[in-house]
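Enquirer: Sharing a structure below in structure tokens format, with a few things to ask.
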Protein chains: 2
Amino acid sequence: MASQVMSSGLFEKALACVGAAGSLSKHDVEALSTLNERVEVFSAGAQVQTARRERLRLVTSGWTYEARLLPDGRRQIFHYLLPGDLISARYGAGAARGSLIALTRLECAEIPPSLLSGAGGERTRLAEGLDRVLDSQMQRTYEAVLRLGQFTAQEGMANFLIDLRDRLTKVGLADRFSFRCPLTQEHLADTLGLSVIHVNRVLRQLRTEGLLVVKLGQVTFLDPNKMEMLAAGNPIE
Amino acid sequence: MASQVMSSGLFEKALACVGAAGSLSKHDVEALSTLNERVEVFSAGAQVQTARRERLRLVTSGWTYEARLLPDGRRQIFHYLLPGDLISARYGAGAARGSLIALTRLECAEIPPSLLSGAGGERTRLAEGLDRVLDSQMQRTYEAVLRLGQFTAQEGMANFLIDLRDRLTKVGLADRFSFRCPLTQEHLADTLGLSVIHVNRVLRQLRTEGLLVVKLGQVTFLDPNKMEMLAAGNPIE
DNA sequence: CGCGATTTTGAGCCATGTCAATCGGAGTGG
DNA sequence: CCACTCCGATTGACATGGCTCAAAATCGCG
């Protein structure tokens, strides 16, 4: 029952945080993940089924991506779900109609519908907070359109990596300068609409210019300022 | 009161249709547009304000697009809203955070919240139908990601034009072979992430191959089958 | 008829793709 | 501990799709 009290306190805190920003903080995720026993674990490479539209799951650990495969082998990765993101077949991510694949070992916790509506049937503050999270997931899809349609390869790479950094920072998995990253250059290619080889060239170029190092599953920004400028679609200098 | 009865009958019919497909049919649009007096008209080029998040408006006539402008002049058009589509700051389109511009004279009808929830606070069948419309609008955003990330210029052009045709067909504004289209090559360019000049070349090429004619605000498919193949990302032949 | 917007064309360049090969590190079995 | 293997990263040579610049042809409209 100690954990019961604990979890209740965290829940309140989570509510407060959820109310503020568009995504969940580390504390929110911890709080929500202790709320119930329905935790699922997927191993790297497993497909996460998203058939039942009512389920709402919170990613508490690990990376996932949703992708679609064309008959001739081309692949587009639509988005990545990180700790603090929600898996929902109904909203946001659900509309991509692709396969959801665990990139690493993945843990998620189901959020029972009972938490979303109060006694009188009205919506919980938690529900509104989660809505905001789904909103920001959707916004990222539009960012992807902008990136793919208008950005150069360098800008797109910067934009994507900075976005990952910012999201990971919210859940305590990154700082301004670096984060651990399980993506291969092939993932980057299929995300940014580039060939693997060109991804390699772009990374080398950014490295040569002293902006960035990608190595050993670790992304390091040597010059966060310039990277942020690039990521916003501004030329360097 | 005749119109009262009339509109009520259409409403029922609209409900039936809305329940079936992911988008509204011509009859749905007609029915819904007669439901209330709150009709707005924008002239071509006007900006449609989307500040109030609660409002839900149905496009009953004309074309709109939502776009974002980069500081250096690049522009990405995220999507077009056609008759039967919904304007919502909260869902789908709202997350793009761009400007919504009337491409032609535009008419839309507000859908009052009272129609969305029944007496007991439960959701109307209409509300569910409209949800499905918003869903399909979201799906199109993912299609755009796929198009921009993986398709060649020709495939992307075919995909986009076939999509327009299919949507316009649902509201009786197109048949299998052609539709009226107010887009300039510049709009196509900013939608597909190409330069205006390249759009022109791609169109010429499709014309030369006997697949398509774009002229006088009219798009005509000379070979709908091949266009549909191209639009799906399959090579010709 | 004349003007602005749009479309069309041509020439040349650059970003990005393809193909082919090498390299490097991680795991595996002997 | 070594040899092997596999996957991912890296590099080079070359092809090409798509972009830029510049200009002419057309269209829509007052």
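Numbering starts fresh at 1 for the residues of each chain in the structure tokens, the chains themselves are lettered A, B, ... in the order given, and ligands are numbered from 1 as they appear.
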Could you list, as a ChimeraX atom specification, every residue within 9 Å of segment 1-9 of chain D, counting only C-alpha atoms (C1' of nucleotides) and ignoring same-chain residues fewer than 4 positions away?

Expert: /A:184-186,200 /C:23-24,27-30

Enquirer: Quick one: write out the picked residues with N, CA and C atoms (P, O5', C5', C4', C3', O3' and C1' of nucleotides) as a PDB file, in the first residue's frame?

Expert:
ATOM      1  N   THR A 184      20.041   3.266 -37.358  1.00  0.00           N
ATOM      2  CA  THR A 184      21.103   3.055 -38.351  1.00  0.00           C
ATOM      3  C   THR A 184      20.946   4.121 -39.433  1.00  0.00           C
ATOM      4  N   GLN A 185      21.942   4.214 -40.297  1.00  0.00           N
ATOM      5  CA  GLN A 185      21.843   5.187 -41.386  1.00  0.00           C
ATOM      6  C   GLN A 185      20.698   4.817 -42.322  1.00  0.00           C
ATOM      7  N   GLU A 186      20.357   3.550 -42.351  1.00  0.00           N
ATOM      8  CA  GLU A 186      19.225   3.142 -43.188  1.00  0.00           C
ATOM      9  C   GLU A 186      17.913   3.686 -42.620  1.00  0.00           C
ATOM     10  N   ASN A 200      25.010   9.045 -45.413  1.00  0.00           N
ATOM     11  CA  ASN A 200      26.402   8.951 -44.971  1.00  0.00           C
ATOM     12  C   ASN A 200      27.176  10.211 -45.354  1.00  0.00           C
TER      13      ASN A 200
ATOM     14  P    DC C  23      40.334  -2.166 -47.675  1.00  0.00           P
ATOM     15  O5'  DC C  23      39.566  -1.675 -46.374  1.00  0.00           O
ATOM     16  C5'  DC C  23      39.067  -0.342 -46.336  1.00  0.00           C
ATOM     17  C4'  DC C  23      38.226  -0.166 -45.103  1.00  0.00           C
ATOM     18  C3'  DC C  23      38.785  -0.878 -43.860  1.00  0.00           C
ATOM     19  O3'  DC C  23      38.804   0.054 -42.796  1.00  0.00           O
ATOM     20  C1'  DC C  23      36.515  -1.426 -44.178  1.00  0.00           C
ATOM     21  P    DG C  24      39.714  -0.281 -41.511  1.00  0.00           P
ATOM     22  O5'  DG C  24      38.639  -0.420 -40.361  1.00  0.00           O
ATOM     23  C5'  DG C  24      37.591   0.535 -40.245  1.00  0.00           C
ATOM     24  C4'  DG C  24      36.539  -0.048 -39.323  1.00  0.00           C
ATOM     25  C3'  DG C  24      37.137  -0.892 -38.200  1.00  0.00           C
ATOM     26  O3'  DG C  24      36.769  -0.291 -36.969  1.00  0.00           O
ATOM     27  C1'  DG C  24      35.349  -2.041 -39.319  1.00  0.00           C
ATOM     28  P    DG C  27      28.330  -7.931 -29.414  1.00  0.00           P
ATOM     29  O5'  DG C  27      28.164  -9.367 -30.078  1.00  0.00           O
ATOM     30  C5'  DG C  27      27.076  -9.586 -30.991  1.00  0.00           C
ATOM     31  C4'  DG C  27      27.310 -10.886 -31.721  1.00  0.00           C
ATOM     32  C3'  DG C  27      27.454 -12.107 -30.792  1.00  0.00           C
ATOM     33  O3'  DG C  27      26.618 -13.142 -31.288  1.00  0.00           O
ATOM     34  C1'  DG C  27      29.266 -11.998 -32.307  1.00  0.00           C
ATOM     35  P    DT C  28      26.471 -14.540 -30.551  1.00  0.00           P
ATOM     36  O5'  DT C  28      26.507 -15.561 -31.781  1.00  0.00           O
ATOM     37  C5'  DT C  28      27.321 -15.251 -32.905  1.00  0.00           C
ATOM     38  C4'  DT C  28      27.981 -16.507 -33.417  1.00  0.00           C
ATOM     39  C3'  DT C  28      28.039 -17.671 -32.417  1.00  0.00           C
ATOM     40  O3'  DT C  28      27.845 -18.884 -33.111  1.00  0.00           O
ATOM     41  C1'  DT C  28      30.221 -17.067 -33.038  1.00  0.00           C
ATOM     42  P    DG C  29      27.549 -20.213 -32.370  1.00  0.00           P
ATOM     43  O5'  DG C  29      28.700 -21.133 -32.953  1.00  0.00           O
ATOM     44  C5'  DG C  29      28.977 -21.090 -34.353  1.00  0.00           C
ATOM     45  C4'  DG C  29      30.353 -21.655 -34.594  1.00  0.00           C
ATOM     46  C3'  DG C  29      30.659 -22.924 -33.789  1.00  0.00           C
ATOM     47  O3'  DG C  29      31.326 -23.846 -34.631  1.00  0.00           O
ATOM     48  C1'  DG C  29      32.298 -21.293 -33.346  1.00  0.00           C
ATOM     49  P    DG C  30      31.654 -25.309 -34.192  1.00  0.00           P
ATOM     50  O5'  DG C  30      33.239 -25.299 -34.193  1.00  0.00           O
ATOM     51  C5'  DG C  30      33.927 -24.969 -35.414  1.00  0.00           C
ATOM     52  C4'  DG C  30      35.387 -24.722 -35.089  1.00  0.00           C
ATOM     53  C3'  DG C  30      36.076 -25.894 -34.358  1.00  0.00           C
ATOM     54  O3'  DG C  30      37.267 -26.236 -35.039  1.00  0.00           O
ATOM     55  C1'  DG C  30      36.470 -23.851 -33.235  1.00  0.00           C
TER      56       DG C  30
END

Enquirer: Taking 3 positions as the minimum chain separation for residues in the same chain, which residues sit within 12 Å of DC13 of chain C when counting only C-alpha atoms (C1' of nucleotides)? Answer as a list in words.

Expert: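 What passes the distance filter is DG18, DC19, DT20 and DC21 of chain D.
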
Enquirer: Show me, as a list of chain:residue names, every residue of chain B with an atom at most 9 Å from chain D, counting only C-alpha atoms (C1' of nucleotides).

Expert: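 Contact residues on the first chain: B:Thr152, B:Ala153, B:Leu194, B:Ser195, B:Ile197, B:His198.
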
Enquirer: To one decimal place, how far is atom CA of Phe179 of chain A from atom CA of Leu222 of chain A in Å?

Expert: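 So the two atoms, atom CA of Phe179 of chain A and atom CA of Leu222 of chain A, lie 12.3 Å apart.
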
Enquirer: What are the residues of chain C that have an atom within 10 Å of an atom of chain A, counting only C-alpha atoms (C1' of nucleotides), as a PyMOL selection string?

Expert: chain C and resi 15-18
